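Colleague: Following this line is structure35.cif, made up of mmCIF, N, CA and C atoms:
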```cif
data_run
#
loop_
_atom_site.label_atom_id
_atom_site.label_comp_id
_atom_site.auth_asym_id
_atom_site.auth_seq_id
_atom_site.Cartn_x
_atom_site.Cartn_y
_atom_site.Cartn_z
N MET A 265 60.42 87.71 118.27
CA MET A 265 60.18 87.87 116.86
C MET A 265 59.10 88.94 116.68
N TYR A 266 59.21 89.69 115.66
CA TYR A 266 58.27 90.77 115.37
C TYR A 266 57.07 90.21 114.63
N THR A 267 55.89 90.51 115.14
CA THR A 267 54.67 90.10 114.45
C THR A 267 53.98 91.34 113.92
N ILE A 268 53.30 91.17 112.81
CA ILE A 268 52.58 92.29 112.21
C ILE A 268 51.24 92.42 112.90
N ASP A 269 50.97 93.60 113.41
CA ASP A 269 49.74 93.89 114.11
C ASP A 269 48.67 94.31 113.10
N PRO A 270 47.39 94.07 113.38
CA PRO A 270 46.35 94.48 112.43
C PRO A 270 46.30 95.99 112.17
N LEU A 271 46.81 96.79 113.11
CA LEU A 271 46.78 98.24 112.93
C LEU A 271 48.00 98.77 112.21
N ASP A 272 48.98 97.91 111.90
CA ASP A 272 50.16 98.33 111.15
C ASP A 272 49.82 98.50 109.68
N PRO A 273 50.48 99.44 108.99
CA PRO A 273 50.26 99.57 107.55
C PRO A 273 50.73 98.32 106.82
N LEU A 274 50.09 98.01 105.69
CA LEU A 274 50.42 96.80 104.96
C LEU A 274 51.80 96.85 104.31
N ASP A 275 52.23 98.03 103.89
CA ASP A 275 53.50 98.13 103.18
C ASP A 275 54.69 98.41 104.10
N GLN A 276 54.52 98.24 105.39
CA GLN A 276 55.59 98.49 106.34
C GLN A 276 56.57 97.32 106.33
N PRO A 277 57.86 97.60 106.12
CA PRO A 277 58.83 96.50 106.13
C PRO A 277 59.09 96.02 107.55
N GLU A 278 59.51 94.77 107.68
CA GLU A 278 59.85 94.24 108.99
C GLU A 278 61.11 94.91 109.49
N PRO A 279 61.11 95.34 110.75
CA PRO A 279 62.30 96.01 111.27
C PRO A 279 63.43 95.01 111.49
N SER A 280 64.63 95.48 111.34
CA SER A 280 65.78 94.63 111.63
C SER A 280 65.96 94.56 113.14
N PRO A 281 66.69 93.57 113.65
CA PRO A 281 66.83 93.42 115.10
C PRO A 281 67.44 94.63 115.80
N GLY A 282 68.28 95.40 115.13
CA GLY A 282 68.92 96.54 115.78
C GLY A 282 68.16 97.84 115.60
N SER A 283 67.04 97.82 114.88
CA SER A 283 66.31 99.07 114.61
C SER A 283 65.49 99.49 115.83
N PRO A 284 65.17 100.78 115.94
CA PRO A 284 64.36 101.24 117.07
C PRO A 284 62.94 100.69 117.00
N GLN A 285 62.31 100.66 118.15
CA GLN A 285 60.95 100.14 118.25
C GLN A 285 59.97 101.07 117.53
N PRO A 286 58.88 100.52 116.97
CA PRO A 286 57.87 101.38 116.36
C PRO A 286 57.16 102.22 117.42
N ASN A 287 56.60 103.34 117.01
CA ASN A 287 55.93 104.25 117.94
C ASN A 287 54.53 103.72 118.27
N PRO A 288 54.27 103.37 119.54
CA PRO A 288 52.97 102.81 119.91
C PRO A 288 51.93 103.84 120.33
N LEU A 289 52.21 105.14 120.13
CA LEU A 289 51.31 106.18 120.64
C LEU A 289 49.90 106.05 120.06
N GLY A 290 49.79 105.79 118.77
CA GLY A 290 48.46 105.69 118.15
C GLY A 290 47.65 104.53 118.72
N LYS A 291 48.29 103.39 118.91
CA LYS A 291 47.57 102.23 119.44
C LYS A 291 47.14 102.44 120.89
N VAL A 292 48.04 103.01 121.70
CA VAL A 292 47.72 103.25 123.11
C VAL A 292 46.57 104.25 123.22
N THR A 293 46.64 105.32 122.43
CA THR A 293 45.59 106.34 122.47
C THR A 293 44.26 105.77 121.97
N LEU A 294 44.29 104.96 120.93
CA LEU A 294 43.08 104.35 120.40
C LEU A 294 42.43 103.44 121.44
N ILE A 295 43.22 102.66 122.14
CA ILE A 295 42.69 101.78 123.19
C ILE A 295 42.08 102.62 124.31
N ASN A 296 42.75 103.70 124.72
CA ASN A 296 42.22 104.56 125.78
C ASN A 296 40.92 105.24 125.37
N PHE A 297 40.85 105.71 124.13
CA PHE A 297 39.61 106.33 123.67
C PHE A 297 38.48 105.31 123.58
N GLY A 298 38.79 104.08 123.21
CA GLY A 298 37.78 103.03 123.19
C GLY A 298 37.23 102.75 124.57
N ILE A 299 38.13 102.71 125.57
CA ILE A 299 37.70 102.49 126.95
C ILE A 299 36.82 103.64 127.42
N MET A 300 37.25 104.88 127.11
CA MET A 300 36.47 106.05 127.52
C MET A 300 35.09 106.07 126.85
N LEU A 301 35.04 105.74 125.57
CA LEU A 301 33.76 105.70 124.85
C LEU A 301 32.84 104.65 125.46
N ALA A 302 33.40 103.52 125.85
CA ALA A 302 32.58 102.44 126.41
C ALA A 302 31.94 102.86 127.73
N TYR A 303 32.72 103.43 128.66
CA TYR A 303 32.08 103.76 129.93
C TYR A 303 31.23 105.02 129.85
N MET A 304 31.52 105.93 128.94
CA MET A 304 30.62 107.09 128.80
C MET A 304 29.29 106.68 128.18
N ALA A 305 29.34 105.75 127.23
CA ALA A 305 28.09 105.24 126.65
C ALA A 305 27.31 104.44 127.68
N PHE A 306 28.04 103.64 128.47
CA PHE A 306 27.37 102.83 129.50
C PHE A 306 26.68 103.70 130.53
N THR A 307 27.37 104.75 131.03
CA THR A 307 26.73 105.60 132.03
C THR A 307 25.60 106.42 131.42
N GLY A 308 25.73 106.79 130.15
CA GLY A 308 24.64 107.52 129.49
C GLY A 308 23.39 106.67 129.38
N ILE A 309 23.57 105.37 129.10
CA ILE A 309 22.44 104.46 128.99
C ILE A 309 21.92 104.07 130.37
N ALA A 310 22.82 103.81 131.31
CA ALA A 310 22.41 103.34 132.63
C ALA A 310 21.62 104.38 133.41
N PHE A 311 21.99 105.65 133.28
CA PHE A 311 21.31 106.69 134.05
C PHE A 311 20.25 107.42 133.24
N ARG A 312 19.95 106.96 132.04
CA ARG A 312 18.98 107.63 131.17
C ARG A 312 17.56 107.47 131.69
N ASN A 313 17.24 106.31 132.25
CA ASN A 313 15.86 106.04 132.67
C ASN A 313 15.49 106.71 133.99
N ASP A 314 16.49 107.16 134.74
CA ASP A 314 16.20 107.85 136.00
C ASP A 314 15.62 109.22 135.69
N SER A 315 14.75 109.68 136.56
CA SER A 315 14.13 110.98 136.31
C SER A 315 14.80 112.06 137.15
N GLY A 316 14.74 113.27 136.67
CA GLY A 316 15.27 114.40 137.42
C GLY A 316 16.70 114.72 137.06
N GLY A 317 17.15 115.86 137.57
CA GLY A 317 18.50 116.32 137.31
C GLY A 317 19.56 115.54 138.06
N GLU A 318 19.15 114.83 139.12
CA GLU A 318 20.11 114.07 139.90
C GLU A 318 20.70 112.92 139.09
N ALA A 319 19.94 112.37 138.17
CA ALA A 319 20.43 111.27 137.34
C ALA A 319 21.54 111.75 136.42
N GLY A 320 21.37 112.93 135.85
CA GLY A 320 22.41 113.49 135.00
C GLY A 320 23.66 113.82 135.79
N LEU A 321 23.48 114.32 137.01
CA LEU A 321 24.62 114.63 137.87
C LEU A 321 25.34 113.36 138.28
N ALA A 322 24.60 112.30 138.57
CA ALA A 322 25.22 111.03 138.93
C ALA A 322 26.03 110.47 137.77
N SER A 323 25.51 110.60 136.58
CA SER A 323 26.23 110.14 135.39
C SER A 323 27.53 110.91 135.21
N LEU A 324 27.49 112.22 135.41
CA LEU A 324 28.69 113.05 135.26
C LEU A 324 29.73 112.73 136.33
N ILE A 325 29.28 112.52 137.56
CA ILE A 325 30.22 112.18 138.64
C ILE A 325 30.85 110.82 138.37
N PHE A 326 30.06 109.87 137.91
CA PHE A 326 30.57 108.53 137.59
C PHE A 326 31.58 108.61 136.45
N ASP A 327 31.27 109.39 135.40
CA ASP A 327 32.19 109.57 134.27
C ASP A 327 33.50 110.22 134.73
N ALA A 328 33.40 111.27 135.52
CA ALA A 328 34.60 111.98 135.97
C ALA A 328 35.46 111.09 136.86
N THR A 329 34.82 110.27 137.70
CA THR A 329 35.56 109.35 138.55
C THR A 329 36.30 108.31 137.73
N LEU A 330 35.61 107.70 136.77
CA LEU A 330 36.25 106.70 135.92
C LEU A 330 37.35 107.32 135.07
N LEU A 331 37.14 108.52 134.59
CA LEU A 331 38.16 109.20 133.79
C LEU A 331 39.39 109.51 134.63
N THR A 332 39.19 109.94 135.87
CA THR A 332 40.32 110.21 136.76
C THR A 332 41.10 108.94 137.04
N LEU A 333 40.40 107.84 137.26
CA LEU A 333 41.08 106.56 137.48
C LEU A 333 41.86 106.12 136.24
N GLN A 334 41.28 106.32 135.07
CA GLN A 334 41.95 105.93 133.83
C GLN A 334 43.20 106.78 133.58
N VAL A 335 43.09 108.08 133.78
CA VAL A 335 44.26 108.96 133.60
C VAL A 335 45.33 108.62 134.63
N GLY A 336 44.92 108.39 135.88
CA GLY A 336 45.88 108.01 136.91
C GLY A 336 46.58 106.70 136.60
N ALA A 337 45.84 105.72 136.09
CA ALA A 337 46.44 104.44 135.72
C ALA A 337 47.42 104.62 134.57
N ASN A 338 47.07 105.45 133.60
CA ASN A 338 47.99 105.73 132.49
C ASN A 338 49.29 106.35 132.99
N ILE A 339 49.19 107.29 133.90
CA ILE A 339 50.38 107.96 134.40
C ILE A 339 51.24 107.01 135.23
N VAL A 340 50.63 106.24 136.12
CA VAL A 340 51.39 105.31 136.95
C VAL A 340 52.07 104.24 136.10
N ILE A 341 51.32 103.64 135.18
CA ILE A 341 51.89 102.61 134.31
C ILE A 341 52.97 103.21 133.42
N GLY A 342 52.76 104.42 132.92
CA GLY A 342 53.75 105.08 132.08
C GLY A 342 55.05 105.34 132.81
N VAL A 343 54.94 105.82 134.06
CA VAL A 343 56.15 106.09 134.85
C VAL A 343 56.89 104.79 135.16
N ILE A 344 56.15 103.74 135.48
CA ILE A 344 56.79 102.45 135.75
C ILE A 344 57.51 101.93 134.51
N LEU A 345 56.86 102.04 133.36
CA LEU A 345 57.47 101.54 132.12
C LEU A 345 58.66 102.37 131.67
N LEU A 346 58.76 103.62 132.12
CA LEU A 346 59.92 104.43 131.77
C LEU A 346 61.22 103.87 132.35
N PHE A 347 61.11 103.10 133.43
CA PHE A 347 62.30 102.54 134.07
C PHE A 347 62.57 101.10 133.66
N THR A 348 61.88 100.62 132.62
CA THR A 348 62.12 99.28 132.09
C THR A 348 62.70 99.41 130.69
N ASP A 349 62.78 98.29 130.01
CA ASP A 349 63.30 98.33 128.64
C ASP A 349 62.22 98.74 127.64
N GLN A 350 61.01 99.04 128.09
CA GLN A 350 59.92 99.45 127.22
C GLN A 350 59.62 100.94 127.40
N LYS A 351 60.65 101.76 127.30
CA LYS A 351 60.50 103.21 127.50
C LYS A 351 59.56 103.84 126.47
N HIS A 352 59.54 103.31 125.25
CA HIS A 352 58.69 103.87 124.21
C HIS A 352 57.21 103.70 124.55
N ILE A 353 56.86 102.59 125.17
CA ILE A 353 55.46 102.40 125.59
C ILE A 353 55.15 103.29 126.79
N GLY A 354 56.11 103.47 127.69
CA GLY A 354 55.91 104.36 128.84
C GLY A 354 55.65 105.78 128.41
N LYS A 355 56.44 106.26 127.43
CA LYS A 355 56.23 107.62 126.92
C LYS A 355 54.86 107.74 126.26
N ALA A 356 54.47 106.70 125.51
CA ALA A 356 53.15 106.72 124.87
C ALA A 356 52.03 106.74 125.90
N MET A 357 52.20 106.00 127.01
CA MET A 357 51.19 106.00 128.07
C MET A 357 51.06 107.37 128.72
N LEU A 358 52.19 108.04 128.95
CA LEU A 358 52.14 109.37 129.56
C LEU A 358 51.48 110.39 128.65
N ILE A 359 51.82 110.37 127.38
CA ILE A 359 51.21 111.30 126.42
C ILE A 359 49.73 111.00 126.27
N SER A 360 49.38 109.72 126.21
CA SER A 360 47.98 109.33 126.07
C SER A 360 47.19 109.72 127.32
N GLY A 361 47.80 109.60 128.50
CA GLY A 361 47.14 110.04 129.73
C GLY A 361 46.85 111.53 129.72
N LEU A 362 47.80 112.30 129.20
CA LEU A 362 47.58 113.75 129.09
C LEU A 362 46.45 114.06 128.11
N LEU A 363 46.44 113.37 126.98
CA LEU A 363 45.36 113.57 126.00
C LEU A 363 44.01 113.17 126.58
N MET A 364 43.99 112.07 127.33
CA MET A 364 42.73 111.63 127.92
C MET A 364 42.22 112.65 128.95
N ALA A 365 43.14 113.24 129.70
CA ALA A 365 42.73 114.24 130.69
C ALA A 365 42.12 115.46 130.01
N ILE A 366 42.76 115.93 128.95
CA ILE A 366 42.27 117.13 128.27
C ILE A 366 40.96 116.86 127.54
N ILE A 367 40.95 115.83 126.71
CA ILE A 367 39.78 115.55 125.88
C ILE A 367 38.65 114.94 126.70
N GLY A 368 38.99 114.08 127.66
CA GLY A 368 37.96 113.41 128.46
C GLY A 368 37.17 114.36 129.33
N PHE A 369 37.87 115.28 130.01
CA PHE A 369 37.13 116.23 130.84
C PHE A 369 36.37 117.24 130.01
N GLY A 370 36.86 117.50 128.80
CA GLY A 370 36.07 118.32 127.87
C GLY A 370 34.80 117.60 127.45
N ALA A 371 34.90 116.29 127.28
CA ALA A 371 33.71 115.49 126.93
C ALA A 371 32.74 115.47 128.11
N CYS A 372 33.26 115.42 129.33
CA CYS A 372 32.38 115.49 130.50
C CYS A 372 31.64 116.82 130.56
N LEU A 373 32.34 117.90 130.25
CA LEU A 373 31.67 119.22 130.24
C LEU A 373 30.63 119.29 129.13
N GLY A 374 30.93 118.68 127.99
CA GLY A 374 29.94 118.63 126.91
C GLY A 374 28.72 117.82 127.28
N LYS A 375 28.95 116.73 127.98
CA LYS A 375 27.84 115.90 128.45
C LYS A 375 27.02 116.67 129.50
N ALA A 376 27.69 117.47 130.33
CA ALA A 376 26.98 118.28 131.33
C ALA A 376 26.10 119.33 130.64
N ALA A 377 26.57 119.89 129.54
CA ALA A 377 25.77 120.88 128.82
C ALA A 377 24.55 120.24 128.19
N MET A 378 24.70 118.98 127.74
CA MET A 378 23.55 118.29 127.14
C MET A 378 22.54 117.87 128.18
N VAL A 379 23.01 117.50 129.38
CA VAL A 379 22.10 117.04 130.44
C VAL A 379 21.35 118.21 131.04
N GLY A 380 22.07 119.31 131.29
CA GLY A 380 21.48 120.45 131.98
C GLY A 380 20.62 121.24 131.15
#
```
What would you get if you wrote out this structure as structure tokens?
Modeller:
Amino acid sequence: MYTIDPLDPLDQPEPSPGSPQPNPLGKVTLINFGIMLAYMAFTGIAFRNDSGGEAGLASLIFDATLLTLQVGANIVIGVILLFTDQKHIGKAMLISGLLMAIIGFGACLGKAAMVG
């Protein structure tokens, strides 16, 4: 049965059983950006009290490692879901992984400019 998600528009009609699945790209991307924001904020706070340039470098390496793991997980899960009945979620995971790679590493470079 179809349930209304909190992120769905209020005036959206319930889909009929034969209708195509709704596009989950926005929700998947929002969740990924939330995860990225959480660990970038955590590493910014965790390495803030350390002195010297090494602390900033450690924060950037930690961010880049976590971002690489997140993008890799998106791609692997997306490819796996492409071969199931949830192809629409698999496509959303692949596109979101690509967006995370582009925007996330740009955010790492921005953080490097602020630290250095």
Colleague: What would the list of residues within 12 Å of (29.7, 117.0, 128.9) (file frame) look like as a list in words, if only C-alpha atoms are what count?
Modeller: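 Residues with an atom at most 12 Å from (29.7, 117.0, 128.9): Met304, Gly308, Gly320, Leu321, Ser323, Leu324, Ile325, Asp327, Ala328, Ile367, Gly368, Phe369, Gly370, Ala371, Cys372, Leu373, Gly374, Lys375, Ala376, Ala377, Met378, Val379 and Gly380 of chain A.
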Colleague: Report, in Å with one decimal, the straight-line distance from atom N of Phe311 (chain A) to atom C of Met364 (chain A).
Modeller: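 Taking atom N of Phe311 (chain A) and atom C of Met364 (chain A), their separation equals 21.8 Å.
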Colleague: Looking only at alpha helix (DSSP H) from DSSP on the backbone, list the matching residues of region 313-351 of chain A as a PyMOL selection string.
Modeller: chain A and resi 317-346+351
Colleague: Suppose we keep N, CA and C atoms; can you now write the selection as an mmCIF file, in the frame of the given file?
Modeller:
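Resulting contents of result-v4.cif:
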```cif
data_model
loop_
_atom_site.group_PDB
_atom_site.id
_atom_site.type_symbol
_atom_site.label_atom_id
_atom_site.label_comp_id
_atom_site.auth_asym_id
_atom_site.auth_seq_id
_atom_site.Cartn_x
_atom_site.Cartn_y
_atom_site.Cartn_z
ATOM 1 N N GLY A 317 17.150 115.860 137.570
ATOM 2 C CA GLY A 317 18.500 116.320 137.310
ATOM 3 C C GLY A 317 19.560 115.540 138.060
ATOM 4 N N GLU A 318 19.150 114.830 139.120
ATOM 5 C CA GLU A 318 20.110 114.070 139.900
ATOM 6 C C GLU A 318 20.700 112.920 139.090
ATOM 7 N N ALA A 319 19.940 112.370 138.170
ATOM 8 C CA ALA A 319 20.430 111.270 137.340
ATOM 9 C C ALA A 319 21.540 111.750 136.420
ATOM 10 N N GLY A 320 21.370 112.930 135.850
ATOM 11 C CA GLY A 320 22.410 113.490 135.000
ATOM 12 C C GLY A 320 23.660 113.820 135.790
ATOM 13 N N LEU A 321 23.480 114.320 137.010
ATOM 14 C CA LEU A 321 24.620 114.630 137.870
ATOM 15 C C LEU A 321 25.340 113.360 138.280
ATOM 16 N N ALA A 322 24.600 112.300 138.570
ATOM 17 C CA ALA A 322 25.220 111.030 138.930
ATOM 18 C C ALA A 322 26.030 110.470 137.770
ATOM 19 N N SER A 323 25.510 110.600 136.580
ATOM 20 C CA SER A 323 26.230 110.140 135.390
ATOM 21 C C SER A 323 27.530 110.910 135.210
ATOM 22 N N LEU A 324 27.490 112.220 135.410
ATOM 23 C CA LEU A 324 28.690 113.050 135.260
ATOM 24 C C LEU A 324 29.730 112.730 136.330
ATOM 25 N N ILE A 325 29.280 112.520 137.560
ATOM 26 C CA ILE A 325 30.220 112.180 138.640
ATOM 27 C C ILE A 325 30.850 110.820 138.370
ATOM 28 N N PHE A 326 30.060 109.870 137.910
ATOM 29 C CA PHE A 326 30.570 108.530 137.590
ATOM 30 C C PHE A 326 31.580 108.610 136.450
ATOM 31 N N ASP A 327 31.270 109.390 135.400
ATOM 32 C CA ASP A 327 32.190 109.570 134.270
ATOM 33 C C ASP A 327 33.500 110.220 134.730
ATOM 34 N N ALA A 328 33.400 111.270 135.520
ATOM 35 C CA ALA A 328 34.600 111.980 135.970
ATOM 36 C C ALA A 328 35.460 111.090 136.860
ATOM 37 N N THR A 329 34.820 110.270 137.700
ATOM 38 C CA THR A 329 35.560 109.350 138.550
ATOM 39 C C THR A 329 36.300 108.310 137.730
ATOM 40 N N LEU A 330 35.610 107.700 136.770
ATOM 41 C CA LEU A 330 36.250 106.700 135.920
ATOM 42 C C LEU A 330 37.350 107.320 135.070
ATOM 43 N N LEU A 331 37.140 108.520 134.590
ATOM 44 C CA LEU A 331 38.160 109.200 133.790
ATOM 45 C C LEU A 331 39.390 109.510 134.630
ATOM 46 N N THR A 332 39.190 109.940 135.870
ATOM 47 C CA THR A 332 40.320 110.210 136.760
ATOM 48 C C THR A 332 41.100 108.940 137.040
ATOM 49 N N LEU A 333 40.400 107.840 137.260
ATOM 50 C CA LEU A 333 41.080 106.560 137.480
ATOM 51 C C LEU A 333 41.860 106.120 136.240
ATOM 52 N N GLN A 334 41.280 106.320 135.070
ATOM 53 C CA GLN A 334 41.950 105.930 133.830
ATOM 54 C C GLN A 334 43.200 106.780 133.580
ATOM 55 N N VAL A 335 43.090 108.080 133.780
ATOM 56 C CA VAL A 335 44.260 108.960 133.600
ATOM 57 C C VAL A 335 45.330 108.620 134.630
ATOM 58 N N GLY A 336 44.920 108.390 135.880
ATOM 59 C CA GLY A 336 45.880 108.010 136.910
ATOM 60 C C GLY A 336 46.580 106.700 136.600
ATOM 61 N N ALA A 337 45.840 105.720 136.090
ATOM 62 C CA ALA A 337 46.440 104.440 135.720
ATOM 63 C C ALA A 337 47.420 104.620 134.570
ATOM 64 N N ASN A 338 47.070 105.450 133.600
ATOM 65 C CA ASN A 338 47.990 105.730 132.490
ATOM 66 C C ASN A 338 49.290 106.350 132.990
ATOM 67 N N ILE A 339 49.190 107.290 133.900
ATOM 68 C CA ILE A 339 50.380 107.960 134.400
ATOM 69 C C ILE A 339 51.240 107.010 135.230
ATOM 70 N N VAL A 340 50.630 106.240 136.120
ATOM 71 C CA VAL A 340 51.390 105.310 136.950
ATOM 72 C C VAL A 340 52.070 104.240 136.100
ATOM 73 N N ILE A 341 51.320 103.640 135.180
ATOM 74 C CA ILE A 341 51.890 102.610 134.310
ATOM 75 C C ILE A 341 52.970 103.210 133.420
ATOM 76 N N GLY A 342 52.760 104.420 132.920
ATOM 77 C CA GLY A 342 53.750 105.080 132.080
ATOM 78 C C GLY A 342 55.050 105.340 132.810
ATOM 79 N N VAL A 343 54.940 105.820 134.060
ATOM 80 C CA VAL A 343 56.150 106.090 134.850
ATOM 81 C C VAL A 343 56.890 104.790 135.160
ATOM 82 N N ILE A 344 56.150 103.740 135.480
ATOM 83 C CA ILE A 344 56.790 102.450 135.750
ATOM 84 C C ILE A 344 57.510 101.930 134.510
ATOM 85 N N LEU A 345 56.860 102.040 133.360
ATOM 86 C CA LEU A 345 57.470 101.540 132.120
ATOM 87 C C LEU A 345 58.660 102.370 131.670
ATOM 88 N N LEU A 346 58.760 103.620 132.120
ATOM 89 C CA LEU A 346 59.920 104.430 131.770
ATOM 90 C C LEU A 346 61.220 103.870 132.350
ATOM 91 N N LYS A 351 60.650 101.760 127.300
ATOM 92 C CA LYS A 351 60.500 103.210 127.500
ATOM 93 C C LYS A 351 59.560 103.840 126.470
#
```
Colleague: What separation in Å, quoted to one decimal, exists between atom N of Ile339 (chain A) and CA of Phe326 (chain A)?
Modeller: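 For atom N of Ile339 (chain A) relative to CA of Phe326 (chain A), the distance reads 19.0 Å.
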Colleague: Can you measure atom N of Ile366 (chain A) to atom N of Thr348 (chain A) for me? One decimal in Å is fine.
Modeller: 24.8 Å
Colleague: Check the smallest atom-to-atom distance from each of A:Ile299, A:Gly336, A:Gly354, A:Val343 to Asn287 (chain A) using only C-alpha atoms, then report the winner.
Modeller: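 Nearest candidate to Asn287 (chain A) out of A:Ile299, A:Gly336, A:Gly354, A:Val343: A:Gly354.
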Colleague: If we count all atoms listed in the file and set the cut-off at 7 Å, which residues sit around Ser360 (chain A), ignoring sequence neighbours fewer than 3 positions away in its own chain? Please answer as a list of chain:residue names.
Modeller: A:Leu289, A:Val292, A:Thr293, A:Val335, A:Asn338, A:Lys355, A:Ala356, A:Met357, A:Leu363, A:Met364, A:Ala365
